Amino acid sequence: MRWSQLYAPTLKEVPSDADVKSQELLIRAGFIRKTVAGVYTYLPLGLRVLQKITQIVREEMNAIGAQELLMPIMQPAEIWKATGRWEDYGPEMIKFLDRNKREFTLGPTHEEMITTLVKGELKSYKQLPVTLYQINTKYRDEIRPRFGLLRGREFIMKDAYSFHSDDESLDLTYRDMYRAYSRICERMDLEYFAVEADTGAIGGNNSHEFTVLAKNGESNILYCDKCGYAATDEKAEYKPDYPISSEKEEELKLISTPDVRSVEDLTKFLGVSEEKIVKSMVYVGRNGIFMALIRGDLEVNEAKLKSHFKDQTIRKATPEEVQNALKVPVGYLGPVGAEIKIFADFSVKGMKNFIVGGMKEGFHYVNANFDRDFKVSEWIDMKKVTAGDRCPKCGAPLKMKKGIEVGQIFKLGAKYSKKLEAFYVDKNGEQKPFVMGCYGWGVSRTMAAVVEQYHDENGMIWPRSIAPFEVIVTVVNSSDEEQMNFGKELYESLKNSALDVLLDDREVSGGFKFKDADLIGIPLRITVGRNLKNGKVEMKLRNSQDKFEIKAEKDTVVKEAEKMLNGYKLKK
């Protein structure tokens, strides 16, 4: 491709609405353009990267025997209602009516669709296992679409689904997928973690998330250097080591705390530590409203609540809902006298004489105690694990890194097959529900994740395997006939050697060309400039400051280019 013919409008200015580096650089380098928040057009450079990521994913899926198909984006509501996810999935699901008032969704995922597809077609255990996958567009109405391609309302995803006769067969495919996902990361030269993860709205009983390490990552990974344990902060467990108080129970007192609503305000007003306070929060789910208690210095992990109660609709109650249900404003909530189910975190189980909201505006209770002053319906782990908490396996302090989720694999079991009545006949002639797995990979999300991991002050640094071009031949002075002729000849020789080459033949300054080449992040730059008169061209890798000159002989340059690209690695 000649740059003079390439549609790649680069920008000098940083986009005013760019939240993260990948969004900024992909827009500036002419890879993407925003249509509305969370929806993007992929320009030619961006599409080239997407196609290369897609090909890697496709090759790894095919290598483990998965078969590609393509399912409709538009899905009827009835199959989602059959599994209970029409309501469970929440407001992210884009729903609409057709002209006949029939309900549909733009598919956020395809578990219901694939199960309905194979239902009645895979009839015997002899046809199993089967793994089917697609690479398609998904739609989710994110409440806050931001971070460019990292949190979009429309995105490209590979989703695979496997059907089995038993758990042992599922385990084998799950292991194959785990290895395939690891190879995808390795082929893109990525630093990544494969960690235990929450199953969320997809469900199932086991899941791993593949997370690319990045400073601006939205996922927090807790890991242990000592034993190798690793999990997302939504899933992470820990060894509790909370003290058990030996205090004598004091008399419960209601005290005036005017305009004191937050834990921080309460610590200042009463001169106590956060660890002496129990926070009371109200949540709403399918089974109504309930209260969650946790120590004042800790945070509730809502994913754990959803998982424990098997209810993906759980959310924090609005101030209006709290006022209507309990007749008290947020900031003064407490368990004493609350006519509501109460669930408490293990962090507060050993506490005595603690402080809680007074269930009356402007008041708090001091010296509250369990059993005497209120009853807990159930003790559960609802704490968000943080760095420094003890590893659940070996007890060593956990560490934390930030990352970006690019893939997740799930063991679904019979969750969908039972509800959709998708059965096969086993070797004894009995009908049984399929045992299923599902496996997602964010193709468009990967593009942004790579940029978040690999960039510098000048622009993006692409791994060779997914770079829009492997080599750029930069002709410094396009009006110089000698430079231009050699540049064209070298360009053709590199192409003939099966290298993906861009020829910068634009009539702009050399400095402008160099800046654009760095911005776009092509692995190898070959510069044809003034030293051509001395029989030399310059070669430089994008991830290095080193430049060196080589004889301006086409065969010599091509061989050196191949050698340099073969040794081009980004991962430390």
# chains A, B, ... in the order shown; residues from 1 in each chain; ligands from 1
$ select_by_dssp --residues "range 97-276 of chain A" --states "alpha helix (DSSP H)" --output "PyMOL selection string"
chain A and resi 111-118+167-187+263-270
$ write_last_selection --atoms "N, CA and C atoms" --output "CSV table (one decimal), in the first residue's frame"
chain,number,residue,atom,x,y,z
A,111,GLU,N,-25.7,-17.5,24.3
A,111,GLU,CA,-26.0,-18.8,24.9
A,111,GLU,C,-27.3,-19.4,24.6
A,112,GLU,N,-28.4,-18.6,24.7
A,112,GLU,CA,-29.7,-19.0,24.4
A,112,GLU,C,-29.9,-19.4,22.9
A,113,MET,N,-29.3,-18.6,22.0
A,113,MET,CA,-29.4,-18.8,20.6
A,113,MET,C,-28.7,-20.1,20.2
A,114,ILE,N,-27.5,-20.4,20.7
A,114,ILE,CA,-26.8,-21.6,20.2
A,114,ILE,C,-27.4,-22.8,20.8
A,115,THR,N,-28.0,-22.7,22.0
A,115,THR,CA,-28.6,-23.9,22.6
A,115,THR,C,-29.9,-24.2,21.9
A,116,THR,N,-30.7,-23.2,21.5
A,116,THR,CA,-31.9,-23.4,20.7
A,116,THR,C,-31.5,-24.0,19.3
A,117,LEU,N,-30.4,-23.5,18.8
A,117,LEU,CA,-30.0,-24.0,17.5
A,117,LEU,C,-29.7,-25.5,17.5
A,118,VAL,N,-29.0,-26.0,18.5
A,118,VAL,CA,-28.6,-27.4,18.4
A,118,VAL,C,-29.6,-28.3,19.0
A,167,ASP,N,-19.2,-34.1,32.6
A,167,ASP,CA,-18.3,-33.1,33.1
A,167,ASP,C,-16.9,-33.3,32.7
A,168,GLU,N,-16.5,-34.6,32.6
A,168,GLU,CA,-15.1,-35.0,32.2
A,168,GLU,C,-14.8,-34.5,30.8
A,169,SER,N,-15.8,-34.6,29.9
A,169,SER,CA,-15.6,-34.2,28.5
A,169,SER,C,-15.5,-32.6,28.5
A,170,LEU,N,-16.3,-32.0,29.3
A,170,LEU,CA,-16.2,-30.5,29.4
A,170,LEU,C,-14.9,-30.1,29.9
A,171,ASP,N,-14.4,-30.8,30.9
A,171,ASP,CA,-13.0,-30.4,31.5
A,171,ASP,C,-12.0,-30.4,30.4
A,172,LEU,N,-12.0,-31.4,29.5
A,172,LEU,CA,-11.0,-31.5,28.4
A,172,LEU,C,-11.1,-30.3,27.5
A,173,THR,N,-12.3,-30.0,27.1
A,173,THR,CA,-12.4,-28.8,26.2
A,173,THR,C,-12.1,-27.5,26.9
A,174,TYR,N,-12.5,-27.4,28.1
A,174,TYR,CA,-12.1,-26.2,28.9
A,174,TYR,C,-10.6,-26.0,29.0
A,175,ARG,N,-9.9,-27.2,29.2
A,175,ARG,CA,-8.4,-27.1,29.2
A,175,ARG,C,-7.9,-26.7,27.9
A,176,ASP,N,-8.5,-27.3,26.8
A,176,ASP,CA,-8.0,-26.9,25.4
A,176,ASP,C,-8.2,-25.4,25.2
A,177,MET,N,-9.4,-24.9,25.6
A,177,MET,CA,-9.6,-23.4,25.4
A,177,MET,C,-8.7,-22.6,26.2
A,178,TYR,N,-8.4,-23.0,27.4
A,178,TYR,CA,-7.4,-22.3,28.3
A,178,TYR,C,-6.1,-22.2,27.6
A,179,ARG,N,-5.6,-23.3,27.0
A,179,ARG,CA,-4.3,-23.3,26.3
A,179,ARG,C,-4.4,-22.5,25.0
A,180,ALA,N,-5.5,-22.6,24.3
A,180,ALA,CA,-5.7,-21.8,23.1
A,180,ALA,C,-5.7,-20.3,23.4
A,181,TYR,N,-6.3,-19.9,24.5
A,181,TYR,CA,-6.3,-18.5,24.9
A,181,TYR,C,-4.9,-18.0,25.3
A,182,SER,N,-4.2,-18.9,25.9
A,182,SER,CA,-2.8,-18.6,26.3
A,182,SER,C,-2.0,-18.4,25.0
A,183,ARG,N,-2.2,-19.2,24.0
A,183,ARG,CA,-1.4,-19.1,22.8
A,183,ARG,C,-1.8,-17.8,22.0
A,184,ILE,N,-3.1,-17.4,22.1
A,184,ILE,CA,-3.5,-16.1,21.5
A,184,ILE,C,-2.7,-15.0,22.1
A,185,CYS,N,-2.6,-15.0,23.4
A,185,CYS,CA,-1.9,-13.9,24.1
A,185,CYS,C,-0.4,-13.9,23.7
A,186,GLU,N,0.1,-15.1,23.7
A,186,GLU,CA,1.6,-15.3,23.4
A,186,GLU,C,1.9,-14.9,21.9
A,187,ARG,N,1.0,-15.2,21.0
A,187,ARG,CA,1.2,-14.8,19.6
A,187,ARG,C,1.2,-13.3,19.4
A,263,VAL,N,-19.0,7.7,56.8
A,263,VAL,CA,-18.1,7.1,57.7
A,263,VAL,C,-17.0,8.1,58.1
A,264,GLU,N,-16.5,8.8,57.1
A,264,GLU,CA,-15.4,9.8,57.4
A,264,GLU,C,-15.9,10.9,58.3
A,265,ASP,N,-17.1,11.4,58.1
A,265,ASP,CA,-17.7,12.4,59.0
A,265,ASP,C,-17.9,11.9,60.4
A,266,LEU,N,-18.3,10.6,60.5
A,266,LEU,CA,-18.6,10.0,61.8
A,266,LEU,C,-17.3,9.8,62.6
A,267,THR,N,-16.2,9.4,61.9
A,267,THR,CA,-15.0,9.2,62.6
A,267,THR,C,-14.5,10.6,63.2
A,268,LYS,N,-14.7,11.6,62.5
A,268,LYS,CA,-14.2,12.9,63.0
A,268,LYS,C,-15.1,13.4,64.1
A,269,PHE,N,-16.4,13.2,64.0
A,269,PHE,CA,-17.4,13.7,64.9
A,269,PHE,C,-17.3,13.0,66.3
A,270,LEU,N,-17.0,11.7,66.2
A,270,LEU,CA,-17.0,10.9,67.5
A,270,LEU,C,-15.5,10.6,67.9
$ select_by_dssp --residues "range 345-547 of chain A" --states "strand (DSSP E)" --output "JSON, numbers by chain"
{"A": [345, 354, 355, 356, 357, 363, 364, 365, 366, 367, 368, 378, 379, 380, 399, 400, 401, 402, 403, 404, 405, 406, 407, 408, 409, 410, 411, 412, 413, 423, 424, 425, 431, 432, 433, 435, 436, 437, 438, 439, 440, 441, 442, 455, 456, 459, 460, 471, 472, 473, 474, 475, 501, 502, 503, 504, 524, 525, 526, 527, 528, 536, 537, 538, 539, 540, 541, 547]}
$ closest_residue --among "A:Asp19, A:Asp516, A:Asp504, A:Asp480" --to "Gln5 in chain A" --atoms "only C-alpha atoms"
A:Asp504
$ closest_residue --among "A:Glu237, A:Asp166, A:Asp311, A:Glu299" --to "Gly84 in chain A" --atoms "only C-alpha atoms"
A:Asp311
$ closest_residue --among "A:Gly567, A:Gly459, A:Gly296, A:Pro129" --to "Ile520 in chain A" --atoms "only C-alpha atoms"
A:Gly459
$ closest_residue --among "A:Glu452, A:Glu405, A:Glu87, A:Glu457" --to "Ala197 in chain A" --atoms "only C-alpha atoms"
A:Glu405
$ closest_residue --among "A:Glu274, A:Glu234, A:Ile409, A:Ser444" --to "Lys138 in chain A" --atoms "only C-alpha atoms"
A:Ser444
$ closest_residue --among "A:Ser4, A:Ser377, A:Gln483, A:Thr41" --to "Phe290 in chain A" --atoms "only C-alpha atoms"
A:Ser377
$ closest_atom_pairs --of "range 128-230 of chain A" --to "range 93-104 of chain A" --cutoff "12 Å" --atoms "only C-alpha atoms" --output "Markdown table"
| residue | atom | partner | partner_atom | distance |
| --- | --- | --- | --- | --- |
| A:Lys138 | CA | A:Ile94 | CA | 10.4 |
| A:Tyr139 | CA | A:Ile94 | CA | 7.1 |
| A:Arg140 | CA | A:Met93 | CA | 5.6 |
| A:Asp141 | CA | A:Ile94 | CA | 6.0 |
| A:Glu142 | CA | A:Met93 | CA | 8.7 |
| A:Ile143 | CA | A:Met93 | CA | 10.7 |
| A:Arg153 | CA | A:Ile94 | CA | 9.5 |
| A:Glu154 | CA | A:Ile94 | CA | 10.7 |
| A:Ala201 | CA | A:Met93 | CA | 11.3 |
$ atom_distance --atom1 "CA of Met359 in chain A" --atom2 "CA of Leu326 in chain A"
8.1 Å
$ atom_distance --atom1 "CA of Phe210 in chain A" --atom2 "CA of Asp381 in chain A"
24.4 Å
$ decode --residues "range 129-141 of chain A" --atoms "all heavy atoms" --output "mmCIF file, in the first residue's frame"
data_model
loop_
_atom_site.group_PDB
_atom_site.id
_atom_site.type_symbol
_atom_site.label_atom_id
_atom_site.label_comp_id
_atom_site.auth_asym_id
_atom_site.auth_seq_id
_atom_site.Cartn_x
_atom_site.Cartn_y
_atom_site.Cartn_z
ATOM 1 N N PRO A 129 -18.338 -34.783 21.849
ATOM 2 C CA PRO A 129 -18.567 -33.343 22.052
ATOM 3 C C PRO A 129 -18.515 -32.560 20.739
ATOM 4 O O PRO A 129 -17.938 -33.009 19.758
ATOM 5 C CB PRO A 129 -17.414 -32.938 22.961
ATOM 6 C CG PRO A 129 -16.297 -33.866 22.563
ATOM 7 C CD PRO A 129 -16.966 -35.168 22.219
ATOM 8 N N VAL A 130 -19.115 -31.381 20.767
ATOM 9 C CA VAL A 130 -19.096 -30.459 19.636
ATOM 10 C C VAL A 130 -18.811 -29.054 20.173
ATOM 11 O O VAL A 130 -19.393 -28.640 21.176
ATOM 12 C CB VAL A 130 -20.450 -30.456 18.890
ATOM 13 C CG1 VAL A 130 -20.500 -29.327 17.865
ATOM 14 C CG2 VAL A 130 -20.679 -31.788 18.196
ATOM 15 N N THR A 131 -17.926 -28.336 19.486
ATOM 16 C CA THR A 131 -17.658 -26.938 19.830
ATOM 17 C C THR A 131 -17.897 -26.071 18.606
ATOM 18 O O THR A 131 -17.325 -26.316 17.541
ATOM 19 C CB THR A 131 -16.205 -26.736 20.321
ATOM 20 O OG1 THR A 131 -15.978 -27.572 21.460
ATOM 21 C CG2 THR A 131 -15.965 -25.282 20.705
ATOM 22 N N LEU A 132 -18.749 -25.066 18.759
ATOM 23 C CA LEU A 132 -19.101 -24.142 17.680
ATOM 24 C C LEU A 132 -18.736 -22.727 18.108
ATOM 25 O O LEU A 132 -18.874 -22.375 19.281
ATOM 26 C CB LEU A 132 -20.599 -24.220 17.382
ATOM 27 C CG LEU A 132 -21.146 -25.613 17.025
ATOM 28 C CD1 LEU A 132 -22.665 -25.604 16.997
ATOM 29 C CD2 LEU A 132 -20.586 -26.087 15.686
ATOM 30 N N TYR A 133 -18.267 -21.929 17.150
ATOM 31 C CA TYR A 133 -17.920 -20.541 17.497
ATOM 32 C C TYR A 133 -18.285 -19.601 16.361
ATOM 33 O O TYR A 133 -18.487 -20.005 15.218
ATOM 34 C CB TYR A 133 -16.432 -20.421 17.831
ATOM 35 C CG TYR A 133 -15.486 -20.405 16.651
ATOM 36 C CD1 TYR A 133 -15.025 -19.198 16.120
ATOM 37 C CD2 TYR A 133 -15.032 -21.595 16.061
ATOM 38 C CE1 TYR A 133 -14.142 -19.177 15.051
ATOM 39 C CE2 TYR A 133 -14.152 -21.578 14.996
ATOM 40 C CZ TYR A 133 -13.715 -20.361 14.489
ATOM 41 O OH TYR A 133 -12.842 -20.337 13.428
ATOM 42 N N GLN A 134 -18.382 -18.329 16.717
ATOM 43 C CA GLN A 134 -18.607 -17.273 15.729
ATOM 44 C C GLN A 134 -17.752 -16.066 16.092
ATOM 45 O O GLN A 134 -17.304 -15.920 17.236
ATOM 46 C CB GLN A 134 -20.081 -16.870 15.685
ATOM 47 C CG GLN A 134 -20.558 -16.200 16.957
ATOM 48 C CD GLN A 134 -21.950 -15.597 16.831
ATOM 49 O OE1 GLN A 134 -22.499 -15.449 15.754
ATOM 50 N NE2 GLN A 134 -22.523 -15.206 17.956
ATOM 51 N N ILE A 135 -17.536 -15.198 15.104
ATOM 52 C CA ILE A 135 -16.905 -13.893 15.334
ATOM 53 C C ILE A 135 -17.907 -12.880 14.815
ATOM 54 O O ILE A 135 -18.174 -12.819 13.611
ATOM 55 C CB ILE A 135 -15.543 -13.794 14.633
ATOM 56 C CG1 ILE A 135 -14.598 -14.872 15.194
ATOM 57 C CG2 ILE A 135 -14.947 -12.402 14.820
ATOM 58 C CD1 ILE A 135 -13.292 -15.021 14.450
ATOM 59 N N ASN A 136 -18.491 -12.121 15.722
ATOM 60 C CA ASN A 136 -19.676 -11.349 15.380
ATOM 61 C C ASN A 136 -19.728 -10.071 16.222
ATOM 62 O O ASN A 136 -18.962 -9.906 17.169
ATOM 63 C CB ASN A 136 -20.926 -12.204 15.631
ATOM 64 C CG ASN A 136 -22.102 -11.803 14.761
ATOM 65 O OD1 ASN A 136 -22.130 -10.714 14.205
ATOM 66 N ND2 ASN A 136 -23.090 -12.683 14.663
ATOM 67 N N THR A 137 -20.661 -9.197 15.884
ATOM 68 C CA THR A 137 -20.860 -7.962 16.637
ATOM 69 C C THR A 137 -21.840 -8.211 17.772
ATOM 70 O O THR A 137 -22.840 -8.903 17.605
ATOM 71 C CB THR A 137 -21.401 -6.846 15.723
ATOM 72 O OG1 THR A 137 -20.509 -6.686 14.621
ATOM 73 C CG2 THR A 137 -21.499 -5.530 16.467
ATOM 74 N N LYS A 138 -21.533 -7.647 18.938
ATOM 75 C CA LYS A 138 -22.398 -7.751 20.116
ATOM 76 C C LYS A 138 -22.836 -6.333 20.519
ATOM 77 O O LYS A 138 -22.161 -5.343 20.221
ATOM 78 C CB LYS A 138 -21.653 -8.401 21.273
ATOM 79 C CG LYS A 138 -21.236 -9.839 21.020
ATOM 80 C CD LYS A 138 -22.419 -10.777 21.110
ATOM 81 C CE LYS A 138 -21.991 -12.226 21.135
ATOM 82 N NZ LYS A 138 -21.402 -12.711 19.902
ATOM 83 N N TYR A 139 -23.965 -6.296 21.244
ATOM 84 C CA TYR A 139 -24.532 -5.007 21.645
ATOM 85 C C TYR A 139 -24.884 -5.025 23.131
ATOM 86 O O TYR A 139 -25.606 -5.921 23.594
ATOM 87 C CB TYR A 139 -25.793 -4.707 20.828
ATOM 88 C CG TYR A 139 -25.509 -4.590 19.353
ATOM 89 C CD1 TYR A 139 -25.505 -5.724 18.537
ATOM 90 C CD2 TYR A 139 -25.216 -3.359 18.773
ATOM 91 C CE1 TYR A 139 -25.229 -5.634 17.186
ATOM 92 C CE2 TYR A 139 -24.936 -3.254 17.425
ATOM 93 C CZ TYR A 139 -24.939 -4.396 16.636
ATOM 94 O OH TYR A 139 -24.654 -4.301 15.295
ATOM 95 N N ARG A 140 -24.374 -4.043 23.855
ATOM 96 C CA ARG A 140 -24.722 -3.880 25.266
ATOM 97 C C ARG A 140 -24.853 -2.385 25.549
ATOM 98 O O ARG A 140 -23.943 -1.615 25.250
ATOM 99 C CB ARG A 140 -23.667 -4.517 26.178
ATOM 100 C CG ARG A 140 -23.582 -6.027 26.014
ATOM 101 C CD ARG A 140 -22.486 -6.672 26.841
ATOM 102 N NE ARG A 140 -22.301 -8.074 26.458
ATOM 103 C CZ ARG A 140 -21.311 -8.852 26.878
ATOM 104 N NH1 ARG A 140 -20.407 -8.366 27.705
ATOM 105 N NH2 ARG A 140 -21.224 -10.103 26.480
ATOM 106 N N ASP A 141 -25.968 -2.014 26.130
ATOM 107 C CA ASP A 141 -26.244 -0.599 26.375
ATOM 108 C C ASP A 141 -25.574 -0.169 27.676
ATOM 109 O O ASP A 141 -26.223 0.002 28.712
ATOM 110 C CB ASP A 141 -27.757 -0.362 26.433
ATOM 111 C CG ASP A 141 -28.101 1.122 26.368
ATOM 112 O OD1 ASP A 141 -27.188 1.939 26.164
ATOM 113 O OD2 ASP A 141 -29.289 1.456 26.525
#
